[in-house]
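Below is one structure, written out as structure tokens; comments come after it.
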Amino acid sequence: MTNKQETQRDEVQVPFWFDPLCPWAWITSRWLLEVEQVRPVRADWRIMSLAYLNLDQRSGKGLSEDYRNLMSTAWGSVRVCAAAAEHAGRPVLGPLYTAIGTRLHNQRRCEDPTVITEALAEAGLPASLAAAATSTEFDQRIKDSHHEAFDEVGLDVGTPVLRIAGTTLFGPVITPAPRGEAAGQLWDGLVKVAATHGFFELKRSRNAKPSFD
């Protein structure tokens with residue numbers, strides 16, 4: 001067996017559920033890509049829906065008017081991701097998420113209607129998939145993926161959600177994303193937390209806005 005085959009065999013697959021609109025999930029996803037460079041870890045990108053979580057599962061309780069309005073339009077990008085996965089397979093979610101997230105968050109183009117078509121082109125996908133944003137065709141696929149995470153982690157959290165060694169966790173919520181070995185050390189800590197029987201929560205109030213540096 002070659003060294004490359006041994007590395008692939010030993011890689012830890014990390015299911016990671018995201019909604020492209022969430023800035024905190026975006027930062028955590030960039031951290032996980034850093035972890036891939038310093039630990040035998042590979043992200044397994046999966047979709048969830050903040051709109052489904054907040055408006056359906058939580059019935060809109062406790063939402064401000066501004067956030068409720070945001071959620072009413074939040075299906076679009078995740079529907080396009082679902083359509084892309086149906087068209088090209090789930091591995092395409094990684095490059096498509098990067099293409100969408102870079103434009104929404106780093107470039108701050110949340111109101112730009114060309115984001116989706118540009119991102120599809122960057123990921124090598126047909127522009128016709130953009131039509132999924134206003135279609136319910138892939139909503140059940142989104143919900144099925146969503147339930148894989150939230151049936152385990154519960155409804156009192158949001159995204160990011162990841163699964164380590166069979167334990168599904170909300171977080172880590174961080175800003176900015178740790179780089180290099182610092183990213184690996186955070187991963188090491190999460191592995192230990194996930195392996196602790198009966199662990200449920202570790203949290204402090206956020207006092208910083210998302211930083212995409």
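Ordered as shown in the structure tokens, chains take letters A, B, and onward, while each chain numbers its residues from 1 and ligands are numbered from 1 in the order shown.
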
Task: Within 9 Å of Gly94 of chain A using only C-alpha atoms, minus same-chain residues under 5 positions, as a PyMOL selection string - done: chain A and resi 43-46+99

- [ ] Assign secondary structure with DSSP using the backbone only, and return the residues of segment 35-195 of chain A in strand (DSSP E) as a list in words.
- [x]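 Here is the list: Val41, Arg42, Ala43, Asp44, Trp45, Arg46, Ile47, Val161, Leu162, Arg163, Ile164, Thr167, Thr168, Leu169 and Phe170 of chain A.
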
TODO: May I have all residues of segment 159-199 of chain A that DSSP, computed from the backbone, assigns to helix (DSSP H, G or I), given as a PyMOL selection string?
DONE: chain A and resi 180-194

TODO: Figure out the distance between atom CA of Ile116 of chain A and atom CA of Ile100 of chain A, please, to one decimal in Å.
DONE: 6.6 Å

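Counting only C-alpha atoms, the residue from A:Thr28, A:Asn207, A:Ser145, A:Thr196 that sits nearest to Ala85 of chain A is A:Ser145.
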
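Each of A:Ala182, A:Val12, A:Ala132, A:Val41 was compared to Glu86 of chain A using only C-alpha atoms, and A:Ala132 turns out to be the nearest.
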
Selection near segment 167-170 of chain A, 7 Å with only C-alpha atoms, sequence-local residues under 2 positions removed, as a PDB file with all heavy atoms, in the first residue's frame:
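What ended up in selection-v5.pdb:
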```
ATOM      1  N   ALA A 149     -28.777  16.114  10.664  1.00  0.00           N
ATOM      2  CA  ALA A 149     -28.055  16.836  11.713  1.00  0.00           C
ATOM      3  C   ALA A 149     -28.949  17.178  12.890  1.00  0.00           C
ATOM      4  O   ALA A 149     -28.631  16.878  14.042  1.00  0.00           O
ATOM      5  CB  ALA A 149     -27.438  18.117  11.139  1.00  0.00           C
ATOM      6  N   GLU A 152     -30.385  14.968  15.673  1.00  0.00           N
ATOM      7  CA  GLU A 152     -29.408  14.584  16.692  1.00  0.00           C
ATOM      8  C   GLU A 152     -28.998  15.751  17.580  1.00  0.00           C
ATOM      9  O   GLU A 152     -28.894  15.614  18.794  1.00  0.00           O
ATOM     10  CB  GLU A 152     -28.170  13.985  16.031  1.00  0.00           C
ATOM     11  CG  GLU A 152     -28.413  12.661  15.343  1.00  0.00           C
ATOM     12  CD  GLU A 152     -27.131  12.016  14.854  1.00  0.00           C
ATOM     13  OE1 GLU A 152     -26.050  12.407  15.336  1.00  0.00           O
ATOM     14  OE2 GLU A 152     -27.210  11.134  13.986  1.00  0.00           O
ATOM     15  N   VAL A 153     -28.751  16.913  16.968  1.00  0.00           N
ATOM     16  CA  VAL A 153     -28.192  18.025  17.737  1.00  0.00           C
ATOM     17  C   VAL A 153     -29.270  18.845  18.430  1.00  0.00           C
ATOM     18  O   VAL A 153     -28.999  19.565  19.392  1.00  0.00           O
ATOM     19  CB  VAL A 153     -27.313  18.909  16.820  1.00  0.00           C
ATOM     20  CG1 VAL A 153     -28.155  19.856  15.981  1.00  0.00           C
ATOM     21  CG2 VAL A 153     -26.278  19.685  17.621  1.00  0.00           C
ATOM     22  N   VAL A 157     -30.208  25.099  18.529  1.00  0.00           N
ATOM     23  CA  VAL A 157     -28.955  25.591  17.964  1.00  0.00           C
ATOM     24  C   VAL A 157     -29.205  25.930  16.500  1.00  0.00           C
ATOM     25  O   VAL A 157     -30.294  25.734  15.965  1.00  0.00           O
ATOM     26  CB  VAL A 157     -27.828  24.547  18.075  1.00  0.00           C
ATOM     27  CG1 VAL A 157     -27.559  24.205  19.529  1.00  0.00           C
ATOM     28  CG2 VAL A 157     -28.160  23.283  17.285  1.00  0.00           C
ATOM     29  N   THR A 159     -26.533  26.851  12.796  1.00  0.00           N
ATOM     30  CA  THR A 159     -25.420  26.326  12.031  1.00  0.00           C
ATOM     31  C   THR A 159     -24.207  27.199  12.313  1.00  0.00           C
ATOM     32  O   THR A 159     -24.376  28.390  12.589  1.00  0.00           O
ATOM     33  CB  THR A 159     -25.751  26.302  10.512  1.00  0.00           C
ATOM     34  OG1 THR A 159     -24.685  25.718   9.788  1.00  0.00           O
ATOM     35  CG2 THR A 159     -26.032  27.688   9.967  1.00  0.00           C
ATOM     36  N   PRO A 160     -22.999  26.655  12.340  1.00  0.00           N
ATOM     37  CA  PRO A 160     -22.577  25.367  11.799  1.00  0.00           C
ATOM     38  C   PRO A 160     -22.881  24.180  12.718  1.00  0.00           C
ATOM     39  O   PRO A 160     -22.934  24.327  13.932  1.00  0.00           O
ATOM     40  CB  PRO A 160     -21.059  25.538  11.666  1.00  0.00           C
ATOM     41  CG  PRO A 160     -20.705  26.461  12.799  1.00  0.00           C
ATOM     42  CD  PRO A 160     -21.845  27.443  12.859  1.00  0.00           C
ATOM     43  N   VAL A 161     -23.048  23.036  12.075  1.00  0.00           N
ATOM     44  CA  VAL A 161     -23.148  21.758  12.776  1.00  0.00           C
ATOM     45  C   VAL A 161     -22.169  20.806  12.112  1.00  0.00           C
ATOM     46  O   VAL A 161     -22.084  20.742  10.884  1.00  0.00           O
ATOM     47  CB  VAL A 161     -24.575  21.188  12.709  1.00  0.00           C
ATOM     48  CG1 VAL A 161     -24.616  19.776  13.271  1.00  0.00           C
ATOM     49  CG2 VAL A 161     -25.553  22.081  13.457  1.00  0.00           C
ATOM     50  N   LEU A 162     -21.419  20.080  12.926  1.00  0.00           N
ATOM     51  CA  LEU A 162     -20.523  19.061  12.383  1.00  0.00           C
ATOM     52  C   LEU A 162     -20.593  17.813  13.245  1.00  0.00           C
ATOM     53  O   LEU A 162     -21.102  17.840  14.367  1.00  0.00           O
ATOM     54  CB  LEU A 162     -19.088  19.583  12.267  1.00  0.00           C
ATOM     55  CG  LEU A 162     -18.404  20.237  13.468  1.00  0.00           C
ATOM     56  CD1 LEU A 162     -17.981  19.206  14.493  1.00  0.00           C
ATOM     57  CD2 LEU A 162     -17.184  21.015  13.002  1.00  0.00           C
ATOM     58  N   ARG A 163     -20.094  16.721  12.676  1.00  0.00           N
ATOM     59  CA  ARG A 163     -20.113  15.451  13.396  1.00  0.00           C
ATOM     60  C   ARG A 163     -18.688  14.924  13.489  1.00  0.00           C
ATOM     61  O   ARG A 163     -17.996  14.805  12.484  1.00  0.00           O
ATOM     62  CB  ARG A 163     -21.001  14.435  12.691  1.00  0.00           C
ATOM     63  CG  ARG A 163     -21.119  13.098  13.442  1.00  0.00           C
ATOM     64  CD  ARG A 163     -22.005  12.120  12.697  1.00  0.00           C
ATOM     65  NE  ARG A 163     -23.391  12.565  12.661  1.00  0.00           N
ATOM     66  CZ  ARG A 163     -24.210  12.381  11.627  1.00  0.00           C
ATOM     67  NH1 ARG A 163     -23.757  11.805  10.533  1.00  0.00           N
ATOM     68  NH2 ARG A 163     -25.459  12.804  11.676  1.00  0.00           N
ATOM     69  N   ILE A 164     -18.261  14.654  14.720  1.00  0.00           N
ATOM     70  CA  ILE A 164     -16.920  14.136  14.970  1.00  0.00           C
ATOM     71  C   ILE A 164     -17.052  12.797  15.678  1.00  0.00           C
ATOM     72  O   ILE A 164     -17.670  12.715  16.745  1.00  0.00           O
ATOM     73  CB  ILE A 164     -16.092  15.098  15.842  1.00  0.00           C
ATOM     74  CG1 ILE A 164     -15.996  16.480  15.195  1.00  0.00           C
ATOM     75  CG2 ILE A 164     -14.703  14.533  16.097  1.00  0.00           C
ATOM     76  CD1 ILE A 164     -15.297  17.511  16.065  1.00  0.00           C
ATOM     77  N   ALA A 165     -16.502  11.764  15.064  1.00  0.00           N
ATOM     78  CA  ALA A 165     -16.495  10.429  15.674  1.00  0.00           C
ATOM     79  C   ALA A 165     -17.874  10.021  16.159  1.00  0.00           C
ATOM     80  O   ALA A 165     -18.035   9.467  17.247  1.00  0.00           O
ATOM     81  CB  ALA A 165     -15.491  10.386  16.816  1.00  0.00           C
ATOM     82  N   PRO A 172     -17.687  24.697  15.983  1.00  0.00           N
ATOM     83  CA  PRO A 172     -17.360  25.814  16.854  1.00  0.00           C
ATOM     84  C   PRO A 172     -17.700  27.157  16.204  1.00  0.00           C
ATOM     85  O   PRO A 172     -17.526  27.321  14.993  1.00  0.00           O
ATOM     86  CB  PRO A 172     -15.844  25.681  17.044  1.00  0.00           C
ATOM     87  CG  PRO A 172     -15.375  25.044  15.771  1.00  0.00           C
ATOM     88  CD  PRO A 172     -16.471  24.101  15.366  1.00  0.00           C
ATOM     89  N   ALA A 194     -15.737  15.777  21.904  1.00  0.00           N
ATOM     90  CA  ALA A 194     -16.704  14.869  21.291  1.00  0.00           C
ATOM     91  C   ALA A 194     -16.629  13.472  21.883  1.00  0.00           C
ATOM     92  O   ALA A 194     -17.621  12.739  21.896  1.00  0.00           O
ATOM     93  CB  ALA A 194     -16.483  14.818  19.783  1.00  0.00           C
TER      94      ALA A 194
END
```

Contacts between segment 122-129 of chain A and segment 15-110 of chain A, please, where a residue of segment 15-110 of chain A counts if it comes within 7 Å (with only C-alpha atoms); show its shortest atom pair and distance in Å to one decimal, rows by chain and ascending number, as a Markdown table.
```
| residue | atom | partner | partner_atom | distance |
| --- | --- | --- | --- | --- |
| A:Val80 | CA | A:Leu129 | CA | 6.3 |
| A:Ala83 | CA | A:Leu129 | CA | 6.4 |
| A:Ala84 | CA | A:Leu129 | CA | 6.8 |
| A:Pro95 | CA | A:Ala123 | CA | 5.8 |
| A:Leu96 | CA | A:Ala123 | CA | 5.4 |
| A:Ala99 | CA | A:Glu122 | CA | 6.6 |
```

TODO: Write out as a list in words the residues lying within 12 Å of Leu186 of chain A, counting only C-alpha atoms and excluding same-chain residues fewer than 3 positions away.
DONE: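 Non-adjacent residues within range: Thr28, Trp31, Leu32, Glu34, Val35, Val38, Arg39, Gly171, Pro172, Val173, Ile174, Ala177, Pro178, Arg179, Gly180, Glu181, Ala182, Ala183, Gly189, Leu190, Val191, Lys192 and Val193 of chain A.
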
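Between Ser211 of chain A and the candidates A:Val78, A:Met71, A:Ile27, A:Leu155, the tightest atom-to-atom separation, counting only C-alpha atoms, involves A:Ile27.
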
Open item on the list: Report, in Å with one decimal, the straight-line distance from atom CA of Phe212 of chain A to atom CA of Gly154 of chain A.
Closed with: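 Taking atom CA of Phe212 of chain A as the start and atom CA of Gly154 of chain A as the end point, the length is 27.5 Å.
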
Task: Option closest in space to Ala74 of chain A, from A:Ala25, A:Met48, A:Leu202, A:Leu120 [counting only C-alpha atoms] - done: A:Met48

Could you produce a table of the residues of segment 74-150 of chain A lying within 12 Å of segment 57-67 of chain A, with the nearest pair of atoms per residue and their separation in Å rounded to one decimal, using only C-alpha atoms, ordered by chain and increasing residue number, as JSON lines?
```
{"residue": "A:Ala74", "atom": "CA", "partner": "A:Tyr67", "partner_atom": "CA", "distance": 10.1}
{"residue": "A:Lys143", "atom": "CA", "partner": "A:Gln57", "partner_atom": "CA", "distance": 10.7}
{"residue": "A:His146", "atom": "CA", "partner": "A:Gln57", "partner_atom": "CA", "distance": 11.0}
{"residue": "A:His147", "atom": "CA", "partner": "A:Gln57", "partner_atom": "CA", "distance": 10.6}
{"residue": "A:Phe150", "atom": "CA", "partner": "A:Gln57", "partner_atom": "CA", "distance": 10.2}
```

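Here the question is which of A:Glu36, A:Asp213, A:Asp112, A:Asp19 gets nearest to Leu50 of chain A using only C-alpha atoms, and that residue is A:Asp19.
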
TODO: Kindly give the distance, in Å, that separates atom CA of Phe16 of chain A and atom CA of Arg141 of chain A, rounded to a single decimal.
DONE: 16.0 Å
